[in-house]
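K.L.:
Handing you a structure now.
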Amino acid sequence: MIGCIVQARMSSSRMPGKVLKDLNGEPMLSHVVKNCKAALGGLPVIVATSSESSDNAVFDFCRANGIDVHRGSLRDVYGRYVSCIEHYQLDSFVRICADSPCISPMLIRYAVNMYKDNPNVDLVSNVCVRTFPPGQSVEVVSGTTFRENVDLDSKDFSREHVTHHFYKQPRSY
């Protein structure tokens, strides 16, 4: 099963709390989740936030609005994704950042369809080579391949920037 994981935290250094800031009468996160749900129909859309008290507001917002939410480490975003993938039993996932309120459902659907039409790919991305403006970043990732990289011990591997390794090793995927 494919699902969408929306990465959200309140501790942005440039604009703390931005994911719940009001945008046209709704929190930014609400717009992101709605666009992801519109793209994926009945497939799961999960907000992945941290278990830090600073992210209790994200957790509470999701619970109050019937949005699936998963909590994990603030610093180990990679580990947070792995536990989310395992908890929701996702074979693959769409990665979206919570500060993209104008993310296009059509673009998400396009990336998912491209991924499904190419069963041997590990990653479909418009990020490794920027092909769309900021705020329109979409990645579809094989859950199996993603989980296999948990123990990578490389200076290029980042536990915070979860798909960075794929870009540094493009011939491996």
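Letters for chains follow the order of the structure tokens (A, B, ...), residue numbers begin at 1 for each chain, and ligand numbers begin at 1 in the order shown.
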Using only C-alpha atoms, which residues sit within 6 Å of stretch 78-91 of chain A once same-chain residues fewer than 3 positions away are excluded, as a list in words?

P.N.:
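Contacts, in chain order: Met1, Ile2, Gly72, Ser73, Gly143, Arg159 and Val162 of chain A.
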
K.L.:
For the selection you just gave me, I'd like the residues written to a file as a tab-separated table (two decimals), in the first residue's frame, keeping N, CA and C atoms.

P.N.:
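Saved as out_13.tsv:
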chain	number	residue	atom	x	y	z
A	1	MET	N	0.85	-1.17	0.00
A	1	MET	CA	0.00	0.00	0.00
A	1	MET	C	0.89	1.24	0.00
A	2	ILE	N	0.46	2.22	-0.71
A	2	ILE	CA	1.17	3.51	-0.74
A	2	ILE	C	0.42	4.50	0.16
A	72	GLY	N	7.72	10.58	16.50
A	72	GLY	CA	9.05	9.96	16.62
A	72	GLY	C	10.06	11.02	16.99
A	73	SER	N	11.30	10.69	16.76
A	73	SER	CA	12.40	11.57	17.14
A	73	SER	C	12.37	12.88	16.36
A	143	GLY	N	9.35	1.80	0.18
A	143	GLY	CA	9.51	1.60	1.62
A	143	GLY	C	10.61	0.59	1.93
A	159	ARG	N	20.39	11.68	8.84
A	159	ARG	CA	19.21	11.21	9.55
A	159	ARG	C	18.15	12.31	9.58
A	162	VAL	N	16.09	13.05	4.82
A	162	VAL	CA	15.88	11.61	4.68
A	162	VAL	C	16.12	11.03	3.28

K.L.:
Show me, as an NGL selection string, the residues that have an atom within 9 Å of A:Ile5 when counting only C-alpha atoms, minus same-chain residues fewer than 3 positions from it.

P.N.:
:A and (44-48 or 81 or 84-85 or 93-97)

K.L.:
Quote the spacing between atom CA of A:Ser137 and atom CA of A:Leu107 in Å to one decimal place.

P.N.:
9.0 Å

K.L.:
Please list as a count of residues only every residue within 10 Å of A:Phe166, counting only C-alpha atoms and excluding residues in the same chain fewer than 5 positions away.

P.N.:
12

K.L.:
May I have the residues within 6 Å of stretch 23-39 of chain A as a list in words, using only C-alpha atoms and disregarding those fewer than 3 positions away in the same chain?

P.N.:
Val19, Leu20, Ala98, Pro101, Pro105 and Arg109 of chain A

K.L.:
Can you pull out every residue from chain A that DSSP, working from the backbone, puts in alpha helix (DSSP H), and format the result as number ranges by chain?

P.N.:
A: 28-40, 56-64, 77-87, 105-117, 143-148, 164-168

K.L.:
Just the number, please: distance in Å from atom CA of A:Thr131 to atom CA of A:Leu40, one decimal.

P.N.:
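Pair atom CA of A:Thr131 / atom CA of A:Leu40 returns 21.6 Å.
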
K.L.:
Nearest to A:Ile103: which of A:Ser11, A:Ser142, A:Asn118, A:Gln136 is it, counting only C-alpha atoms?

P.N.:
A:Gln136

K.L.:
Mind listing the strand (DSSP E) residues of stretch 116-173 of chain A, per DSSP on the backbone, as a list in words?

P.N.:
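Everything in stretch 116-173 of chain A that counts as strand (DSSP E) is Leu123, Val124, Ser125, Glu139, Val140, Val141 and Ser142 of chain A.
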
K.L.:
Please compute the atom CA of A:Pro133-atom CA of A:Asp99 distance, one decimal, in Å.

P.N.:
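Separating atom CA of A:Pro133 from atom CA of A:Asp99 is a distance of 13.4 Å.
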
K.L.:
Could you give me, as a VMD selection string, the residues within 12 Å of A:Pro16, counting only C-alpha atoms and dropping anything in the same chain fewer than 5 positions from it?

P.N.:
chain A and resid 8 to 11 21 54 to 55 99
